[in-house]
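Participant: Structure file model.tsv (TSV, C-alpha atoms and all ligand atoms) right here:
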chain	number	residue	atom	x	y	z
U	1	MET	CA	0.00	0.00	0.00
U	2	LEU	CA	2.71	2.46	1.09
U	3	LYS	CA	6.19	1.65	-0.14
U	4	ILE	CA	9.20	3.71	0.81
U	5	ASP	CA	12.40	2.82	-0.95
U	6	GLY	CA	15.64	4.16	0.51
U	7	ILE	CA	14.70	7.77	1.23
U	8	SER	CA	17.09	10.25	2.81
U	9	LYS	CA	16.48	13.86	3.82
U	10	THR	CA	19.06	16.52	4.64
U	11	PHE	CA	18.21	19.92	6.07
U	12	TYR	CA	20.51	22.93	5.55
U	13	ALA	CA	22.66	20.92	3.13
U	14	GLY	CA	26.15	22.31	2.62
U	15	THR	CA	26.05	24.57	5.69
U	16	VAL	CA	27.49	24.19	9.19
U	17	ASN	CA	23.95	23.33	10.33
U	18	GLU	CA	23.63	20.42	7.88
U	19	LYS	CA	21.42	17.72	9.37
U	20	LEU	CA	20.84	14.31	7.86
U	21	ALA	CA	17.38	13.71	9.35
U	22	LEU	CA	16.50	10.50	7.45
U	23	LYS	CA	19.13	7.99	6.40
U	24	ASN	CA	18.19	5.56	3.64
U	25	VAL	CA	14.84	4.61	5.20
U	26	SER	CA	12.76	1.85	3.60
U	27	LEU	CA	9.32	0.70	4.72
U	28	ALA	CA	6.49	-1.37	3.24
U	29	MET	CA	2.99	-1.06	4.69
U	30	LYS	CA	0.09	-3.35	3.87
U	31	THR	CA	-3.44	-2.03	3.47
U	32	GLY	CA	-5.02	-1.78	6.91
U	33	ASP	CA	-1.71	-1.70	8.79
U	34	PHE	CA	-1.80	0.57	11.83
U	35	ILE	CA	1.80	1.46	12.69
U	36	THR	CA	2.83	3.37	15.79
U	37	VAL	CA	6.10	5.29	15.57
U	38	ILE	CA	8.27	6.15	18.56
U	39	GLY	CA	11.74	7.59	19.08
U	40	GLY	CA	13.58	10.29	21.00
U	41	ASN	CA	13.61	13.99	20.18
U	42	GLY	CA	15.00	14.66	16.73
U	43	ALA	CA	14.94	10.97	15.75
U	44	GLY	CA	13.29	11.81	12.42
U	45	LYS	CA	9.65	10.81	13.10
U	46	SER	CA	8.03	14.02	11.81
U	47	THR	CA	10.50	14.16	8.92
U	48	LEU	CA	9.34	10.69	7.89
U	49	LEU	CA	5.67	11.72	7.93
U	50	ASN	CA	6.39	15.04	6.22
U	51	SER	CA	8.36	13.24	3.50
U	52	ILE	CA	5.39	10.94	2.86
U	53	ALA	CA	2.98	13.91	2.81
U	54	GLY	CA	5.22	15.83	0.40
U	55	VAL	CA	5.91	18.80	2.67
U	56	PHE	CA	9.38	18.82	1.09
U	57	LYS	CA	11.27	16.80	-1.49
U	58	VAL	CA	13.51	13.97	-0.31
U	59	ASP	CA	17.18	13.87	-1.37
U	60	CYS	CA	16.90	10.40	-2.87
U	61	GLY	CA	14.73	7.30	-2.86
U	62	LYS	CA	11.13	6.70	-3.90
U	63	ILE	CA	7.70	6.84	-2.27
U	64	TYR	CA	4.73	4.91	-3.66
U	65	ILE	CA	1.11	4.98	-2.51
U	66	ASP	CA	-0.83	2.09	-4.01
U	67	ASP	CA	1.87	1.67	-6.65
U	68	ILE	CA	1.56	5.34	-7.66
U	69	ASP	CA	4.96	7.02	-7.59
U	70	VAL	CA	4.28	10.17	-5.52
U	71	THR	CA	7.94	11.08	-4.97
U	72	SER	CA	7.79	14.19	-7.16
U	73	MET	CA	4.10	14.93	-6.60
U	74	SER	CA	3.25	18.21	-4.86
U	75	GLU	CA	1.91	18.17	-1.30
U	76	HIS	CA	-1.38	19.52	-2.62
U	77	LYS	CA	-1.81	16.66	-5.13
U	78	ARG	CA	-0.76	14.03	-2.60
U	79	ALA	CA	-3.44	15.33	-0.22
U	80	ALA	CA	-6.00	13.48	-2.34
U	81	TYR	CA	-4.60	10.22	-0.92
U	82	ILE	CA	-3.66	11.36	2.57
U	83	GLY	CA	-5.46	12.47	5.73
U	84	ARG	CA	-3.37	14.25	8.37
U	85	VAL	CA	-3.80	15.35	11.97
U	86	PHE	CA	-1.09	17.38	13.70
U	87	GLN	CA	-0.18	17.99	17.33
U	88	ASP	CA	-1.54	21.53	17.30
U	89	PRO	CA	-5.37	21.58	17.59
U	90	MET	CA	-5.28	24.97	15.80
U	91	LEU	CA	-4.08	23.30	12.58
U	92	GLY	CA	-6.33	21.42	10.20
U	93	THR	CA	-9.50	23.44	10.76
U	94	ALA	CA	-10.62	26.97	9.92
U	95	ALA	CA	-11.20	28.63	13.31
U	96	ASP	CA	-13.50	31.37	11.99
U	97	MET	CA	-15.80	28.99	10.18
U	98	MET	CA	-18.63	26.96	11.62
U	99	VAL	CA	-18.26	23.26	12.44
U	100	GLU	CA	-20.62	22.34	9.59
U	101	GLU	CA	-18.71	24.51	7.11
U	102	ASN	CA	-15.43	22.85	8.06
U	103	LEU	CA	-16.98	19.41	7.62
U	104	ALA	CA	-18.50	20.41	4.27
U	105	ILE	CA	-15.07	21.47	3.02
U	106	ALA	CA	-13.54	18.19	4.21
U	107	ALA	CA	-16.34	16.23	2.51
U	108	ARG	CA	-15.51	17.94	-0.78
U	109	ARG	CA	-11.78	17.32	-0.60
U	110	GLY	CA	-10.54	15.99	-3.93
U	111	LYS	CA	-13.79	16.97	-5.68
U	112	LYS	CA	-14.07	19.84	-8.12
U	113	LEU	CA	-14.59	23.09	-6.25
U	114	SER	CA	-17.30	25.51	-7.25
U	115	LEU	CA	-18.05	28.97	-5.95
U	116	ARG	CA	-21.24	27.63	-4.41
U	117	TRP	CA	-20.28	24.93	-1.96
U	118	SER	CA	-23.46	24.67	0.04
U	119	PHE	CA	-24.28	21.16	1.27
U	120	SER	CA	-27.42	19.10	1.19
U	121	GLU	CA	-29.70	17.95	4.00
U	122	ALA	CA	-28.23	14.47	3.50
U	123	ASP	CA	-24.70	15.81	4.09
U	124	PHE	CA	-25.94	17.64	7.16
U	125	GLY	CA	-27.58	14.45	8.48
U	126	GLU	CA	-24.34	12.52	7.90
U	127	PHE	CA	-22.28	15.15	9.76
U	128	LYS	CA	-24.71	15.12	12.67
U	129	ALA	CA	-24.65	11.31	12.87
U	130	LYS	CA	-20.84	11.25	12.81
U	131	LEU	CA	-20.60	13.94	15.48
U	132	THR	CA	-23.14	12.12	17.67
U	133	LYS	CA	-20.91	9.03	17.49
U	134	LEU	CA	-18.01	11.03	18.96
U	135	ALA	CA	-20.11	11.47	22.15
U	136	LEU	CA	-18.66	14.92	22.84
U	137	GLY	CA	-21.92	16.84	22.48
U	138	LEU	CA	-20.71	18.29	19.18
U	139	GLU	CA	-23.86	17.32	17.27
U	140	ASP	CA	-25.57	20.35	18.85
U	141	ARG	CA	-22.75	22.70	17.88
U	142	LEU	CA	-22.78	22.46	14.09
U	143	LYS	CA	-23.44	26.20	13.82
U	144	ASN	CA	-20.69	27.15	16.29
U	145	ARG	CA	-17.37	28.51	15.13
U	146	ILE	CA	-14.57	25.94	15.45
U	147	GLY	CA	-12.50	28.50	17.37
U	148	THR	CA	-14.96	28.35	20.28
U	149	LEU	CA	-14.37	24.61	20.87
U	150	SER	CA	-11.93	23.04	23.32
U	151	GLY	CA	-8.64	21.55	22.07
U	152	GLY	CA	-9.97	18.01	22.46
U	153	GLN	CA	-13.20	18.79	20.60
U	154	ARG	CA	-11.17	20.41	17.83
U	155	GLN	CA	-8.84	17.42	17.51
U	156	ALA	CA	-11.84	15.08	17.36
U	157	ILE	CA	-13.31	17.16	14.53
U	158	THR	CA	-9.94	17.38	12.75
U	159	LEU	CA	-9.73	13.59	12.94
U	160	LEU	CA	-13.24	13.30	11.53
U	161	MET	CA	-12.38	15.74	8.73
U	162	ALA	CA	-9.15	13.92	7.90
U	163	THR	CA	-10.99	10.61	7.56
U	164	LEU	CA	-14.34	11.70	6.09
U	165	ARG	CA	-13.28	10.79	2.56
U	166	LYS	CA	-11.53	7.58	3.65
U	167	PRO	CA	-7.94	8.47	2.71
U	168	LYS	CA	-5.62	5.74	1.46
U	169	LEU	CA	-3.26	6.75	4.24
U	170	LEU	CA	-3.82	8.46	7.60
U	171	LEU	CA	-0.85	10.30	9.15
U	172	LEU	CA	-1.10	11.25	12.83
U	173	ASP	CA	1.75	13.37	14.19
U	174	GLU	CA	1.42	13.27	17.99
U	175	HIS	CA	-2.17	14.38	17.60
U	176	THR	CA	-2.97	13.94	21.30
U	177	ALA	CA	0.24	15.39	22.79
U	178	ALA	CA	-1.23	18.85	23.45
U	179	LEU	CA	-4.32	17.49	25.25
U	180	ASP	CA	-4.84	16.72	28.94
U	181	PRO	CA	-4.52	12.97	29.72
U	182	LYS	CA	-8.28	12.32	29.92
U	183	THR	CA	-9.06	14.09	26.66
U	184	ALA	CA	-6.02	12.48	25.00
U	185	GLU	CA	-7.37	9.07	25.97
U	186	LYS	CA	-10.76	9.92	24.51
U	187	VAL	CA	-9.25	11.12	21.21
U	188	LEU	CA	-7.07	7.98	21.04
U	189	GLU	CA	-10.16	5.83	21.54
U	190	LEU	CA	-11.89	7.72	18.72
U	191	THR	CA	-8.82	7.21	16.56
U	192	GLN	CA	-8.88	3.48	17.24
U	193	ASN	CA	-12.59	3.27	16.34
U	194	ILE	CA	-12.37	5.36	13.17
U	195	VAL	CA	-9.29	3.46	11.96
U	196	ALA	CA	-10.95	0.08	12.63
U	197	GLU	CA	-14.35	1.02	11.16
U	198	ASN	CA	-12.82	2.28	7.94
U	199	GLY	CA	-9.88	-0.15	7.78
U	200	LEU	CA	-7.54	2.83	7.37
U	201	THR	CA	-3.84	2.34	6.76
U	202	THR	CA	-2.36	4.50	9.51
U	203	LEU	CA	0.98	5.84	10.76
U	204	MET	CA	0.76	7.36	14.24
U	205	ILE	CA	3.66	9.11	15.95
U	206	THR	CA	3.49	9.05	19.72
U	207	HIS	CA	5.86	9.88	22.54
U	208	ASN	CA	4.03	7.51	24.80
U	209	MET	CA	5.53	4.00	24.83
U	210	ARG	CA	2.43	2.49	26.39
U	211	ASP	CA	0.22	3.97	23.69
U	212	ALA	CA	2.66	2.75	21.04
U	213	LEU	CA	2.22	-0.76	22.42
U	214	ARG	CA	-1.54	-0.52	23.06
U	215	PHE	CA	-2.47	0.69	19.59
U	216	GLY	CA	-1.82	-0.66	16.13
U	217	ASN	CA	-0.51	-3.96	14.79
U	218	ARG	CA	3.06	-2.85	14.17
U	219	LEU	CA	5.57	-0.59	15.91
U	220	LEU	CA	8.58	1.27	14.54
U	221	MET	CA	11.30	2.83	16.63
U	222	LEU	CA	13.40	5.53	15.02
U	223	ASP	CA	16.76	6.83	16.15
U	224	ASP	CA	19.11	9.21	14.41
U	225	GLY	CA	17.21	9.04	11.13
U	226	LYS	CA	17.02	5.25	10.97
U	227	ILE	CA	14.44	2.58	11.81
U	228	ILE	CA	16.10	0.65	14.62
U	229	LEU	CA	13.20	-1.57	15.61
U	230	ASP	CA	10.27	-2.93	13.60
U	231	ILE	CA	7.95	-5.35	15.41
U	232	HIS	CA	4.48	-6.59	14.62
U	233	GLY	CA	1.81	-9.16	15.41
U	234	ALA	CA	2.38	-11.49	18.33
U	235	GLU	CA	5.87	-10.09	18.97
U	236	LYS	CA	4.41	-6.63	19.48
U	237	ALA	CA	1.46	-7.92	21.49
U	238	LYS	CA	3.68	-9.48	24.15
U	239	MET	CA	6.11	-6.57	24.36
U	240	THR	CA	6.26	-4.45	27.54
U	241	VAL	CA	7.63	-0.95	28.05
U	242	HIS	CA	10.69	-2.53	29.73
U	243	ASP	CA	11.28	-4.79	26.71
U	244	LEU	CA	11.00	-1.73	24.51
U	245	LEU	CA	13.59	0.16	26.55
U	246	ASP	CA	15.89	-2.88	26.40
U	247	ALA	CA	15.41	-3.15	22.65
U	248	PHE	CA	16.21	0.55	22.32
U	249	GLU	CA	19.48	0.14	24.23
U	250	HIS	CA	20.50	-3.02	22.37
U	251	SER	CA	19.79	-1.39	19.01
U	252	GLY	CA	22.32	1.27	19.86
U	253	GLY	CA	19.65	3.94	20.37
U	254	GLY	CA	20.80	7.37	21.50
U	255	ASP	CA	19.16	9.48	24.16
U	256	ILE	CA	15.70	8.55	25.25
U	257	SER	CA	13.77	11.72	25.85
U	258	ASP	CA	12.24	12.36	29.26
U	259	ARG	CA	8.84	12.45	27.63
U	260	MET	CA	9.31	8.88	26.39
U	261	LEU	CA	10.37	7.64	29.81
U	262	LEU	CA	7.71	9.46	31.74
U	263	SER	CA	4.87	8.25	29.62
U	301	LIG	N1	12.01	21.87	8.50
U	301	LIG	C1	13.16	21.64	9.07
U	301	LIG	N2	14.22	22.44	8.89
U	301	LIG	C2	15.41	22.17	9.45
U	301	LIG	N3	15.67	21.12	10.25
U	301	LIG	C3	14.65	20.28	10.48
U	301	LIG	C4	13.35	20.49	9.91
U	301	LIG	N4	12.55	19.48	10.32
U	301	LIG	C5	13.31	18.68	11.10
U	301	LIG	N5	14.57	19.15	11.20
U	301	LIG	C6	15.67	18.54	11.94
U	301	LIG	O1	15.72	17.17	11.58
U	301	LIG	C7	15.93	16.33	12.72
U	301	LIG	C8	14.77	15.38	12.88
U	301	LIG	O2	13.65	16.13	13.28
U	301	LIG	P1	12.18	15.54	13.43
U	301	LIG	O3	11.28	16.69	13.72
U	301	LIG	O4	11.87	14.69	12.27
U	301	LIG	O5	12.35	14.62	14.70
U	301	LIG	P2	11.23	13.95	15.62
U	301	LIG	O6	11.65	12.54	15.81
U	301	LIG	O7	9.89	14.19	15.04
U	301	LIG	O8	11.46	14.73	16.97
U	301	LIG	P3	10.45	15.32	18.07
U	301	LIG	O9	9.92	14.15	18.80
U	301	LIG	O10	11.35	16.15	18.90
U	301	LIG	O11	9.40	16.10	17.34
U	301	LIG	C9	16.12	17.29	13.89
U	301	LIG	O12	17.49	17.51	14.08
U	301	LIG	C10	15.42	18.55	13.43
U	301	LIG	O13	15.97	19.69	14.04
Translate this file's structure into structure tokens.
Facilitator:
Amino acid sequence: MLKIDGISKTFYAGTVNEKLALKNVSLAMKTGDFITVIGGNGAGKSTLLNSIAGVFKVDCGKIYIDDIDVTSMSEHKRAAYIGRVFQDPMLGTAADMMVEENLAIAARRGKKLSLRWSFSEADFGEFKAKLTKLALGLEDRLKNRIGTLSGGQRQAITLLMATLRKPKLLLLDEHTAALDPKTAEKVLELTQNIVAENGLTTLMITHNMRDALRFGNRLLMLDDGKIILDIHGAEKAKMTVHDLLDAFEHSGGGDISDRMLLS
């Protein structure tokens, strides 16, 4: 489904600040795989997701989504295949627009835009049903501006928007890190349900080792721009946080961030 063939990414090439953030990374994901990605600060996790999303061009290597070579495709074009949710609840939605307007825009993603983008009663009914399912009381707030919602409510809506058109690939970049623990848990639960219901192929970065073990069918650990651990299935299911820390040390991993240890 997603195939990454030997990609590397350098920032500030040829300067004293040159940083090789990804080093010849390869990865093959099957349809429906839910991969959690962990690693210390600066390990290259966001760079990996940004490379897939086309935020910047990679130095070398190839990226395929469903056998389509997207390596040179613009971020905008790639967005037709990809749903994304970021750490910052302010990203991904238009704060000044109403909840229903945001959802209508998400529902039209990839379709031809017209100046009149009003939506039908059927669309409205679908939005309301989906919001009711979130159990956050958002079904009564369709006419409210997104900016008036809490961070957790916003992230839940961003998640809904990112998955409304069933993307081939869902990229989650620490999408619960800015939320309080209770809300983060709720949004993770929603993530789990939406991913399972739609069979979405998903890559989720988390700093929380327990969450990395609890969610998904496969786990990647990155360090210094390389994948240093790749476990799935039964091997992942029986893994504990201690095993993960051991594996990190034995793989020659660098510094483990406090956030990883504390979580
Ligand atoms: N846009 C950019 N411009 C310059 N350097 C960058 C950019 N993005 C990432 N880097 C650098 O690349 C390296 C990898 O960063 P990246 O954000 O991918 O790590 P990460 O694993 O997501 O870390 P964190 O958990 O701290 O967010 C770091 O040294 C970072 O400073």
Participant: As a ChimeraX atom specification, please: the residues near Ile52 of chain U (cut-off 7 Å, only C-alpha atoms, same-chain neighbours under 3 positions excluded).
Facilitator: /U:48-49,63
Participant: Only C-alpha atoms, please: the residues just picked out, written as a PDB file, in the frame of the given file.
Facilitator:
ATOM      1  CA  LEU U  48       9.340  10.690   7.890  1.00  0.00           C
ATOM      2  CA  LEU U  49       5.670  11.720   7.930  1.00  0.00           C
ATOM      3  CA  ILE U  63       7.700   6.840  -2.270  1.00  0.00           C
TER       4      ILE U  63
END
Participant: Around ligand LIG 301 (chain U), which protein and nucleic acid residues have at least one atom no more than 10 Å from it, if we count only C-alpha atoms and all ligand atoms? List them as a ChimeraX atom specification.
Facilitator: /U:9-13,17-22,37-51,55-56,87,173-174,205-207,221-225,257,259-260
Participant: Which is closest to Phe86 of chain U among U:Leu27, U:Met204, U:Leu245, U:Leu229, if we use all atoms listed in the file?
Facilitator: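 Distance minimum relative to Phe86 of chain U lands on U:Met204.
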Participant: Taking into account only C-alpha atoms, which residue in the set U:His250, U:Lys166, U:Lys238, U:Arg145 is nearest to Asp96 of chain U?
Facilitator: U:Arg145
Participant: For each of U:Ile157, U:Leu169, U:Met1, U:Val70, take the minimum atom-to-atom distance to Ile82 of chain U, counting only C-alpha atoms, then give the residue where this is smallest.
Facilitator: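 Closest candidate: U:Leu169.
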Participant: Which is closer to Asp140 of chain U than all the others in U:Arg154, U:Glu100, U:Ala106, U:Lys186, using all atoms listed in the file?
Facilitator: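 With all atoms listed in the file as the atom set, the closest residue is U:Glu100.
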Participant: Could you work out how far atom CA of Thr71 of chain U lies from atom CA of Ile105 of chain U, giving the answer in Å with one decimal?
Facilitator: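 Going from atom CA of Ile105 of chain U over to atom CA of Thr71 of chain U covers 26.5 Å.
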Participant: Go ahead and compute the interatomic distance for atom CA of Ile7 of chain U and atom CA of Ile35 of chain U, in Å to one decimal.
Facilitator: 18.4 Å
Participant: Pick the closest to Gly92 of chain U from U:Thr240, U:Thr163, U:Thr183, U:Gln155: which is it, counting all atoms listed in the file?
Facilitator: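 Checking each candidate against Gly92 of chain U, we get U:Gln155 as the closest.
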